[in-house]
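Undergrad: Mind looking over this structure? Questions follow.
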Amino acid sequence: MSHALQVALEELGRDLLRMGTLVEDSIGRAIAALKGRDVPAAEAVIADDDRVDRMEHEIEARCLNLLALQQPLGSDLRRVGTALKIITDLERMGDHAVDIAKVVVRLGGQPLMKPLIDIPRMAEVGQTMLREALTAYVDEDKELALSMIQRDHEVDHLYGQIFRELLTYMMEDPRTVTQGLYLVFVAMYLERVADHATNLGEWVLYMLTGERKELND
Amino acid sequence: MSATNALETPTFLVQKLDAYYGSLHALRGVSLSLERRAVTALIGPSGCGKSTFLRSLNRMNDRVEGFRLTGRVSLDGQDIYAPGTDVVHLRKRVGMVFQRPNPFPLSIFDNVAFGPRIHGTSDRGRLRELVEHSLRGAGLWEEVKGRLNASALGLSGGQQQRLCIARTLAVEPEVLLMDEPASALDPASTARVEDLVGELRSRYTIVIVTHNLQQAARVSQHTGFFLSGELVEFGPTDRMFTAPQDKRTEDYITGRFG
C-alpha cells in the first residue's frame, strides 16, 4: 500500500490509544473521587471531558480525510470505519465517567453508607476491557477481542450483586435511599461502560474478519 | 450471495475456459456466469487475462493468429464457439467498446447508421429513428442533434467515446463489452460514461474491464478478480471491496502488489 496510507493508519492507531487512555483515566478518577467523596476532583473530571470530545472530533476528521484522499479498500477500509465507530463508543464511555463524577458532586461530602468494594471492581474490569479492546485493534488480536464477552458477563454479575445489596440497605433504612439510588446509578453507568467496551471488541472483530457479530447478550 | 440472479437466467455462462496464444496459457479454467441486465466488472493487474476473457465473449480473439480455447462459452444457452455459429450476428448481439474511441472518418450520422446499414436496414426514416434513439441512449443527442452531418472526428474525446457507444447501441445488442472505456478520457467525461453505464444496465448486460478499482466499485454489481489467467475471486462488488475472501484479492485491492 502507499506509504502515506501506512503512516496515516499507524497514526490513527496511536490516536485511538491516546483517546482510550484519556477515557480510562477519567473513569479511574471519577471512582477515586467517589471513594474519597472528593468534589473538586469530580469537578475536574467533568471539566476534562472537553478534551475527550475534542479528540473525538479530531480523529473523526482524520478518518474522513483518509477516506477521501487515500480511498482505502478491503481491510484498510474496515480499519478506518472501525476507528470511526470506536471513537463514538469511547466518547460515550467518557460521558459515563462524567455522569459518575456528577453523582459525587451531588452527594457532596456525605459519608458513604457502606464501603465501596464491588463498584471499584466493576470500574477496574471496565477499564481493563477498554484497554484490551484498543490493544486488540492495534495488535490485530482476534482472541483478545473475543475475550470481551467473558468480562462483560463478569460486570453484569457484579451489577446484579450491587443492585441487590443496595436494595437490602435501602429497605432496612429509608434514610439511605437517596445515596443508595445514586450508587445504583453509578453501577449502571459502569455496566454501560462495559457494554461500550464490548462494542469495541465487536468492531475490532469486524475489522479483522469482515463479519459483524454480536458479543453483547 | 451467488453471482447469478435467482430470478433470471444469466446471459453468459462460461465453463472451464482455457485460452492460449500459441504456447502462452492466457486463461486457466475460468468459470463464471454473467447476470442479465447487470454490470460485471473485471479487475486485475496488467497481463492477468481480463481483456482476453472479455474478447472471448464475442470471439474477437478469433482474429489473433495462434489463439485457441477449450471449454464452453454459452450465450442464452447456446455455445458461441459451436461450428457454424454466425459470428457476425454474434458481434451484433454482443457489442464492444474499446479504450481509445475509434470513430470512423464519416459523419456522426453515418457512424451510428453504419452497423444497421450493414445488417440490412436501408429505409431512411428507420435509420433516422435508430440514430436518434442510439445517440439519446448514449447521452449524446442534445450535443450533436444540430450537426449530424458534421465529421465525427471533430468531436471531443469524451464525445467520440459516447459516439462509439451509440454506434454499438444502434444494432440493438443484448450485451455491451467495454474494455477500459474511460481510461483515455478526462474526469468529467469519465463521470458521464459511468453515469451512462448506470443507465444502460436496466436494458443491457454489461461487462467492463477496468484497472480503476474505484470505478469498478462505483459502476458494477459483480466483480471478478483475475490474476495470471486465473479467476481468483468472483462476487458481489460491495463484498469484494470491503471484505474480499481471498488473500490475493485483498493484497491487490489494497495496493500491496500490482
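Lettering and numbering for the C-alpha cells are positional, with chains as A, B, ... in the shown order, residues counted from 1 in each chain, and ligands counted from 1 in the shown order.
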Go through chain A residue by residue and, counting only C-alpha atoms, keep those with an atom at most 12 Å from chain B; for each kept residue give the shortest atom pair and its distance in Å to one decimal, ordered by chain and increasing number, as a Markdown table.
TA:
```
| residue | atom | partner | partner_atom | distance |
| --- | --- | --- | --- | --- |
| A:Met1 | CA | B:Gly255 | CA | 4.5 |
| A:Ser2 | CA | B:Gly255 | CA | 7.2 |
| A:His3 | CA | B:Gly255 | CA | 10.6 |
| A:Leu5 | CA | B:Thr254 | CA | 10.0 |
| A:Gln6 | CA | B:Thr254 | CA | 10.8 |
| A:Ala68 | CA | B:Gln214 | CA | 11.7 |
| A:Gln70 | CA | B:Thr254 | CA | 10.4 |
| A:Gln71 | CA | B:Gln214 | CA | 7.9 |
| A:Pro72 | CA | B:Thr254 | CA | 6.7 |
| A:Leu73 | CA | B:Phe241 | CA | 5.7 |
| A:Gly74 | CA | B:Thr242 | CA | 4.3 |
| A:Ser75 | CA | B:Ala243 | CA | 6.6 |
| A:Asp76 | CA | B:Thr254 | CA | 7.0 |
| A:Leu77 | CA | B:Thr242 | CA | 6.7 |
| A:Arg78 | CA | B:Thr242 | CA | 6.8 |
| A:Arg79 | CA | B:Thr242 | CA | 10.4 |
| A:Val80 | CA | B:Thr242 | CA | 11.4 |
| A:Gly81 | CA | B:Thr242 | CA | 10.3 |
| A:Tyr206 | CA | B:Ala243 | CA | 9.6 |
| A:Met207 | CA | B:Ala243 | CA | 9.1 |
| A:Leu208 | CA | B:Ala243 | CA | 9.5 |
| A:Thr209 | CA | B:Ala243 | CA | 7.8 |
| A:Gly210 | CA | B:Ala243 | CA | 5.2 |
| A:Glu211 | CA | B:Ala243 | CA | 8.4 |
| A:Arg212 | CA | B:Ala243 | CA | 11.3 |
```
Undergrad: Would you export the selected residues with C-alpha atoms as a CSV table (one decimal), in the first residue's frame, please?
TA:
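Writing the result to again21.csv gives the following:
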```csv
chain,number,residue,atom,x,y,z
A,1,MET,CA,0.0,0.0,0.0
A,2,SER,CA,1.1,3.6,-0.3
A,3,HIS,CA,3.5,4.9,2.3
A,5,LEU,CA,-1.7,5.4,3.9
A,6,GLN,CA,0.6,3.2,6.0
A,68,ALA,CA,-11.3,10.9,0.7
A,70,GLN,CA,-6.5,7.6,0.1
A,71,GLN,CA,-9.7,5.7,-0.9
A,72,PRO,CA,-8.7,2.6,1.1
A,73,LEU,CA,-10.3,-0.7,0.3
A,74,GLY,CA,-10.7,-4.1,2.0
A,75,SER,CA,-9.2,-4.4,5.4
A,76,ASP,CA,-7.7,-0.9,5.2
A,77,LEU,CA,-11.2,0.5,4.7
A,78,ARG,CA,-12.6,-1.6,7.6
A,79,ARG,CA,-9.8,-0.3,9.8
A,80,VAL,CA,-10.9,3.3,9.2
A,81,GLY,CA,-14.6,2.5,9.5
A,206,TYR,CA,-15.4,-6.8,12.2
A,207,MET,CA,-12.1,-5.2,11.2
A,208,LEU,CA,-10.2,-8.4,11.4
A,209,THR,CA,-12.8,-10.8,9.8
A,210,GLY,CA,-15.2,-8.7,7.7
A,211,GLU,CA,-18.1,-10.2,9.7
A,212,ARG,CA,-20.4,-8.3,12.1
```
Undergrad: I'd like the contact shell of range 116-124 of chain B - 12 Å cut-off, only C-alpha atoms, skipping same-chain residues fewer than 3 positions apart - returned as a short mmCIF file (atom, residue, chain, number, x, y, z; two decimals) with N, CA and C atoms, in the first residue's frame.
TA:
```cif
data_model
loop_
_atom_site.label_atom_id
_atom_site.label_comp_id
_atom_site.auth_asym_id
_atom_site.auth_seq_id
_atom_site.Cartn_x
_atom_site.Cartn_y
_atom_site.Cartn_z
N VAL B 88 -20.80 -12.89 -37.21
CA VAL B 88 -21.25 -11.51 -37.45
C VAL B 88 -22.48 -11.20 -36.61
N HIS B 89 -23.39 -12.15 -36.59
CA HIS B 89 -24.60 -11.97 -35.80
C HIS B 89 -24.27 -11.93 -34.31
N ARG B 91 -21.59 -10.76 -32.99
CA ARG B 91 -21.00 -9.45 -32.64
C ARG B 91 -22.03 -8.34 -32.70
N LYS B 92 -23.17 -8.62 -33.30
CA LYS B 92 -24.27 -7.67 -33.26
C LYS B 92 -24.95 -7.77 -31.88
N ARG B 93 -25.13 -9.00 -31.42
CA ARG B 93 -25.77 -9.21 -30.12
C ARG B 93 -24.84 -8.81 -28.98
N PHE B 109 -23.81 10.97 -38.17
CA PHE B 109 -24.96 10.15 -38.59
C PHE B 109 -24.49 8.83 -39.19
N ASP B 110 -23.56 8.91 -40.10
CA ASP B 110 -23.12 7.70 -40.80
C ASP B 110 -22.38 6.74 -39.90
N ASN B 111 -21.72 7.29 -38.88
CA ASN B 111 -21.06 6.42 -37.90
C ASN B 111 -22.09 5.53 -37.22
N VAL B 112 -23.15 6.16 -36.74
CA VAL B 112 -24.15 5.40 -35.97
C VAL B 112 -24.97 4.51 -36.90
N ALA B 113 -25.22 4.97 -38.14
CA ALA B 113 -26.04 4.21 -39.07
C ALA B 113 -25.28 3.05 -39.72
N LEU B 127 -33.69 4.51 -40.24
CA LEU B 127 -32.31 4.83 -39.86
C LEU B 127 -32.25 6.08 -38.99
N ARG B 128 -33.03 7.08 -39.40
CA ARG B 128 -33.03 8.32 -38.61
C ARG B 128 -33.51 8.05 -37.19
N GLU B 129 -34.54 7.21 -37.06
CA GLU B 129 -35.07 6.82 -35.75
C GLU B 129 -33.99 6.12 -34.91
N LEU B 130 -33.35 5.15 -35.55
CA LEU B 130 -32.32 4.37 -34.87
C LEU B 130 -31.17 5.26 -34.40
N VAL B 131 -30.77 6.17 -35.31
CA VAL B 131 -29.64 7.05 -34.98
C VAL B 131 -30.00 7.93 -33.79
N SER B 134 -30.25 5.83 -30.57
CA SER B 134 -28.93 5.40 -30.09
C SER B 134 -28.14 6.56 -29.51
N ALA B 166 -22.90 4.80 -28.86
CA ALA B 166 -24.12 4.92 -29.67
C ALA B 166 -24.09 3.97 -30.86
N ARG B 167 -22.91 3.89 -31.46
CA ARG B 167 -22.73 3.01 -32.61
C ARG B 167 -23.04 1.56 -32.23
N THR B 168 -22.57 1.17 -31.06
CA THR B 168 -22.82 -0.18 -30.56
C THR B 168 -24.30 -0.38 -30.27
N LEU B 169 -24.93 0.63 -29.68
CA LEU B 169 -26.34 0.51 -29.32
C LEU B 169 -27.23 0.44 -30.56
N ALA B 170 -26.77 1.04 -31.67
CA ALA B 170 -27.61 1.13 -32.87
C ALA B 170 -27.96 -0.24 -33.45
N VAL B 171 -27.16 -1.23 -33.22
CA VAL B 171 -27.50 -2.56 -33.76
C VAL B 171 -28.29 -3.38 -32.75
N GLU B 172 -28.75 -2.72 -31.70
CA GLU B 172 -29.63 -3.33 -30.71
C GLU B 172 -29.06 -4.61 -30.10
N PRO B 173 -27.92 -4.45 -29.43
CA PRO B 173 -27.28 -5.62 -28.82
C PRO B 173 -28.01 -6.03 -27.54
#
```
Undergrad: Name the residues of range 53-257 of chain B that come out as strand (DSSP E or B) in a backbone DSSP run; write them as a PDB file with C-alpha atoms, in the first residue's frame.
TA:
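Full text of states.pdb as output:
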```pdb
ATOM      1  CA  PHE B  67      -5.237 -18.179 -30.466  1.00  0.00           C
ATOM      2  CA  ARG B  68      -7.236 -21.202 -29.358  1.00  0.00           C
ATOM      3  CA  LEU B  69      -9.521 -22.044 -26.490  1.00  0.00           C
ATOM      4  CA  THR B  70     -11.178 -25.001 -24.777  1.00  0.00           C
ATOM      5  CA  GLY B  71     -14.223 -25.046 -22.560  1.00  0.00           C
ATOM      6  CA  ARG B  72     -17.665 -23.655 -23.142  1.00  0.00           C
ATOM      7  CA  VAL B  73     -18.991 -20.127 -23.579  1.00  0.00           C
ATOM      8  CA  SER B  74     -22.786 -20.069 -23.794  1.00  0.00           C
ATOM      9  CA  LEU B  75     -24.927 -17.085 -24.674  1.00  0.00           C
ATOM     10  CA  GLN B  78     -26.061 -21.609 -26.962  1.00  0.00           C
ATOM     11  CA  ASP B  79     -22.367 -22.391 -27.305  1.00  0.00           C
ATOM     12  CA  VAL B  94     -22.568  -8.698 -28.141  1.00  0.00           C
ATOM     13  CA  GLY B  95     -21.180  -5.255 -28.870  1.00  0.00           C
ATOM     14  CA  MET B  96     -17.829  -3.887 -27.861  1.00  0.00           C
ATOM     15  CA  VAL B  97     -16.449  -0.508 -26.870  1.00  0.00           C
ATOM     16  CA  SER B 107     -20.295  11.965 -40.372  1.00  0.00           C
ATOM     17  CA  SER B 151     -17.467  14.778 -39.220  1.00  0.00           C
ATOM     18  CA  VAL B 175     -24.632  -7.326 -24.200  1.00  0.00           C
ATOM     19  CA  LEU B 176     -22.106  -4.491 -24.047  1.00  0.00           C
ATOM     20  CA  LEU B 177     -18.453  -5.345 -23.569  1.00  0.00           C
ATOM     21  CA  MET B 178     -16.326  -2.397 -22.509  1.00  0.00           C
ATOM     22  CA  ASP B 179     -12.553  -2.580 -22.392  1.00  0.00           C
ATOM     23  CA  THR B 205     -25.941  -6.912 -19.747  1.00  0.00           C
ATOM     24  CA  ILE B 206     -22.656  -5.053 -19.353  1.00  0.00           C
ATOM     25  CA  VAL B 207     -19.143  -6.329 -18.761  1.00  0.00           C
ATOM     26  CA  ILE B 208     -16.481  -3.754 -18.107  1.00  0.00           C
ATOM     27  CA  VAL B 209     -12.741  -4.306 -17.849  1.00  0.00           C
ATOM     28  CA  HIS B 222     -20.476  -8.022  -9.518  1.00  0.00           C
ATOM     29  CA  THR B 223     -16.719  -8.071  -9.760  1.00  0.00           C
ATOM     30  CA  GLY B 224     -14.261 -10.720 -10.916  1.00  0.00           C
ATOM     31  CA  PHE B 225     -10.578 -10.566  -9.986  1.00  0.00           C
ATOM     32  CA  PHE B 226      -8.157 -12.133 -12.463  1.00  0.00           C
ATOM     33  CA  LEU B 227      -4.536 -12.972 -11.755  1.00  0.00           C
ATOM     34  CA  GLU B 230      -6.943 -17.432 -13.184  1.00  0.00           C
ATOM     35  CA  LEU B 231     -10.265 -16.133 -11.910  1.00  0.00           C
ATOM     36  CA  VAL B 232      -9.227 -15.822  -8.279  1.00  0.00           C
ATOM     37  CA  GLU B 233     -12.460 -14.470  -6.887  1.00  0.00           C
ATOM     38  CA  PHE B 234     -15.899 -13.520  -8.132  1.00  0.00           C
ATOM     39  CA  GLY B 235     -18.684 -11.998  -6.104  1.00  0.00           C
ATOM     40  CA  PRO B 236     -20.886  -9.044  -5.238  1.00  0.00           C
TER      41      PRO B 236
END
```
Undergrad: Mind checking which residues fall within 12 Å of Pro111 in chain A, counting only C-alpha atoms, ignoring those fewer than 3 positions away in the same chain, and posting them as an mmCIF file with N, CA and C atoms, in the first residue's frame?
TA:
```cif
data_model
loop_
_atom_site.group_PDB
_atom_site.id
_atom_site.type_symbol
_atom_site.label_atom_id
_atom_site.label_comp_id
_atom_site.auth_asym_id
_atom_site.auth_seq_id
_atom_site.Cartn_x
_atom_site.Cartn_y
_atom_site.Cartn_z
ATOM 1 N N LEU A 34 -15.236 9.340 44.048
ATOM 2 C CA LEU A 34 -16.387 8.778 44.766
ATOM 3 C C LEU A 34 -15.940 8.180 46.094
ATOM 4 N N LYS A 35 -14.861 7.388 46.026
ATOM 5 C CA LYS A 35 -14.352 6.752 47.244
ATOM 6 C C LYS A 35 -13.950 7.802 48.274
ATOM 7 N N GLY A 36 -13.318 8.872 47.802
ATOM 8 C CA GLY A 36 -12.847 9.890 48.722
ATOM 9 C C GLY A 36 -13.846 11.017 48.949
ATOM 10 N N ARG A 37 -15.020 10.914 48.351
ATOM 11 C CA ARG A 37 -16.028 11.972 48.395
ATOM 12 C C ARG A 37 -15.401 13.330 48.066
ATOM 13 N N ASP A 38 -14.565 13.318 47.043
ATOM 14 C CA ASP A 38 -13.761 14.483 46.705
ATOM 15 C C ASP A 38 -14.430 15.271 45.589
ATOM 16 N N VAL A 104 -20.925 12.281 42.439
ATOM 17 C CA VAL A 104 -20.030 12.670 43.535
ATOM 18 C C VAL A 104 -20.340 14.094 43.974
ATOM 19 N N LEU A 107 -23.640 14.147 45.885
ATOM 20 C CA LEU A 107 -23.559 13.551 47.215
ATOM 21 C C LEU A 107 -22.850 14.487 48.200
ATOM 22 N N GLY A 108 -22.145 15.476 47.616
ATOM 23 C CA GLY A 108 -21.399 16.397 48.475
ATOM 24 C C GLY A 108 -20.351 15.619 49.236
ATOM 25 N N LYS A 114 -21.842 2.503 52.882
ATOM 26 C CA LYS A 114 -21.115 1.242 53.022
ATOM 27 C C LYS A 114 -19.792 1.377 52.272
ATOM 28 N N PRO A 115 -18.799 0.586 52.663
ATOM 29 C CA PRO A 115 -17.534 0.685 51.921
ATOM 30 C C PRO A 115 -17.750 0.236 50.471
ATOM 31 N N LEU A 116 -17.073 0.911 49.560
ATOM 32 C CA LEU A 116 -17.222 0.548 48.155
ATOM 33 C C LEU A 116 -16.234 -0.549 47.800
ATOM 34 N N THR A 176 -31.204 5.911 53.765
ATOM 35 C CA THR A 176 -30.120 5.637 52.810
ATOM 36 C C THR A 176 -30.598 5.624 51.351
ATOM 37 N N GLN A 179 -28.823 8.171 48.705
ATOM 38 C CA GLN A 179 -27.473 7.756 48.348
ATOM 39 C C GLN A 179 -27.501 6.404 47.639
#
```
Undergrad: Could you pull out all residues of range 34-146 of chain A with a DSSP call of helix (DSSP H, G or I) and give them as a ChimeraX atom specification?
TA: /A:34-36,39-70,74-107,118-139,142-146
Undergrad: For a test of reading the model, state the distance in Å between CA of Leu167 in chain A and CA of Ile117 in chain A, rounded to one decimal.
TA: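 Computing it gives 15.9 Å between the two atoms.
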Undergrad: CA of Val177 in chain A and CA of Arg106 in chain A are how many Å apart?
TA: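 Computing the Euclidean distance for CA of Val177 in chain A and CA of Arg106 in chain A yields 14.0 Å.
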Undergrad: Which neighbours of Ala8 in chain A fall inside 9 Å, counting only C-alpha atoms, when residues of the same chain fewer than 5 positions from it are skipped, and could you give them as a list in words?
TA: His3, Gly13, Arg62 and Leu66 of chain A
Undergrad: Next, dump the selected residues to file, keeping only N, CA and C atoms, as a PDB file, in the first residue's frame.
TA:
```
ATOM      1  N   HIS A   3       2.817   4.491   1.022  1.00  0.00           N
ATOM      2  CA  HIS A   3       3.499   4.859   2.258  1.00  0.00           C
ATOM      3  C   HIS A   3       2.646   5.831   3.059  1.00  0.00           C
ATOM      4  N   GLY A  13      -3.962   4.622  14.782  1.00  0.00           N
ATOM      5  CA  GLY A  13      -3.880   3.688  15.902  1.00  0.00           C
ATOM      6  C   GLY A  13      -3.371   4.371  17.162  1.00  0.00           C
ATOM      7  N   ARG A  62      -9.762  13.136  10.818  1.00  0.00           N
ATOM      8  CA  ARG A  62      -8.636  12.394  10.250  1.00  0.00           C
ATOM      9  C   ARG A  62      -9.133  11.225   9.418  1.00  0.00           C
ATOM     10  N   LEU A  66      -8.773  10.615   5.417  1.00  0.00           N
ATOM     11  CA  LEU A  66      -8.139   9.395   4.950  1.00  0.00           C
ATOM     12  C   LEU A  66      -8.977   8.728   3.867  1.00  0.00           C
TER      13      LEU A  66
END
```
Undergrad: I want to know what sits within 9 Å of range 195-200 of chain B, based on only C-alpha atoms, with residues of the same chain fewer than 6 positions away left out; could you give that as a list in words?
TA: Arg37, Val39, Gly137, Ala138, Gly139, Arg162, Ile206, Val219 and Ser220 of chain B
